[in-house]
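Heads up: the structure comes next, in structure tokens.
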Amino acid sequence: MNEQAAVVEAKQRTIRKSKIDYSQGPAPVSVNEAWCKACNICISLCPQNVLAANADGKPVVAQEENCIQCGACWTHCPDFAIKSNYR
Ligand code: SF4
Ligand code: SF4
């Protein structure tokens, strides 16, 4: 296994399902596209691989069931462009 594959496997091992059932309510986080500058900090910092970049490079919720409301995305966004719908 090469180094990159090992990193991916290690990251995936830590991913766990959220205790919140997001299928019964809003998405775990919302992005204000007008404020987002597509820096991708939130995508990089998410420990659960919840976020992915859309065609404009802005984050979308790709794996909502994994979001643990850790706050890494919204506390590090330099533009206050991502927020939780549960906190
Ligand atoms: S950290 Fe904020 S500005 Fe950067 S991509 Fe995420 S939501 Fe957009
Ligand atoms: S709150 Fe945490 S787990 Fe949820 S999208 Fe943001 S960084 Fe990822």
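Each chain in the structure tokens gets a letter, A, B, ..., in the order shown, and its residues are numbered from 1; ligands are numbered from 1 in order too.
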request  = Produce as a ChimeraX atom specification the set of residues near ligand 2, where near means within 10 Å with only C-alpha atoms and all ligand atoms considered.
outcome  = /A:15-18,27-30,41-52,59-76,82-87
key: Residues within 6 Å of ligand 1, counting only C-alpha atoms and all ligand atoms, as a ChimeraX atom specification   = /A:31,36-42,58-59,77-79,81-82
Just C-alpha atoms for this one: save the residues we selected as a compact mmCIF listing (two decimals), in the first residue's frame.
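The result, stored in part21.txt:
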```txt
# COMPACT_ATOMS: atom_id res chain seq x y z
CA VAL A 31 -23.28 27.39 3.19
CA CYS A 36 -18.11 31.76 0.45
CA LYS A 37 -14.89 32.37 -1.49
CA ALA A 38 -14.23 28.69 -2.18
CA CYS A 39 -11.05 28.56 -0.09
CA ASN A 40 -11.82 24.94 0.83
CA ILE A 41 -10.59 25.30 4.41
CA CYS A 42 -13.79 23.73 5.66
CA LYS A 58 -17.74 25.75 -2.90
CA PRO A 59 -18.63 23.17 -0.25
CA CYS A 77 -14.34 29.70 7.98
CA PRO A 78 -12.72 33.14 7.52
CA ASP A 79 -15.92 34.51 6.00
CA ALA A 81 -20.05 31.45 5.33
CA ILE A 82 -20.87 28.05 6.83
```
All helix (DSSP H, G or I) positions in chain A, as number ranges by chain = A: 3-14, 22-24, 41-45, 64-66, 72-76
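If you look at atom CA of Pro26 of chain A and atom CA of Asp56 of chain A, they are 22.8 Å away from each other.
For chain A, a DSSP pass over the backbone yields strand (DSSP E) at A:Val29, A:Ser30, A:Val31, A:Leu51, A:Ala52, A:Ala53, A:Pro59, A:Val60, A:Val61, A:Ile82, A:Lys83, A:Ser84.
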For the residues in the current selection, export N, CA and C atoms as a short mmCIF file (atom, residue, chain, number, x, y, z; two decimals), in the first residue's frame.
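Printed below is selection.cif as written:
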```cif
data_model
loop_
_atom_site.label_atom_id
_atom_site.label_comp_id
_atom_site.auth_asym_id
_atom_site.auth_seq_id
_atom_site.Cartn_x
_atom_site.Cartn_y
_atom_site.Cartn_z
N VAL A 29 -25.16 21.24 8.03
CA VAL A 29 -24.61 22.60 7.90
C VAL A 29 -25.13 23.23 6.61
N SER A 30 -25.14 24.56 6.59
CA SER A 30 -25.54 25.29 5.39
C SER A 30 -24.44 26.27 5.00
N VAL A 31 -24.29 26.47 3.72
CA VAL A 31 -23.28 27.39 3.19
C VAL A 31 -23.97 28.60 2.57
N LEU A 51 -17.98 17.13 3.63
CA LEU A 51 -18.08 18.18 2.61
C LEU A 51 -17.30 17.83 1.35
N ALA A 52 -17.85 18.27 0.22
CA ALA A 52 -17.15 18.12 -1.06
C ALA A 52 -17.34 19.42 -1.83
N ALA A 53 -16.44 19.67 -2.78
CA ALA A 53 -16.53 20.91 -3.56
C ALA A 53 -17.46 20.71 -4.75
N PRO A 59 -18.27 24.42 -0.92
CA PRO A 59 -18.63 23.17 -0.25
C PRO A 59 -20.11 22.84 -0.34
N VAL A 60 -20.36 21.58 -0.54
CA VAL A 60 -21.72 21.04 -0.44
C VAL A 60 -21.66 19.85 0.51
N VAL A 61 -22.79 19.57 1.12
CA VAL A 61 -22.86 18.43 2.04
C VAL A 61 -23.00 17.16 1.20
N ILE A 82 -20.29 29.37 6.59
CA ILE A 82 -20.87 28.05 6.83
C ILE A 82 -21.36 27.99 8.27
N LYS A 83 -22.54 27.47 8.46
CA LYS A 83 -23.11 27.44 9.81
C LYS A 83 -23.81 26.11 10.05
N SER A 84 -23.93 25.79 11.31
CA SER A 84 -24.68 24.59 11.68
C SER A 84 -26.17 24.89 11.67
#
```
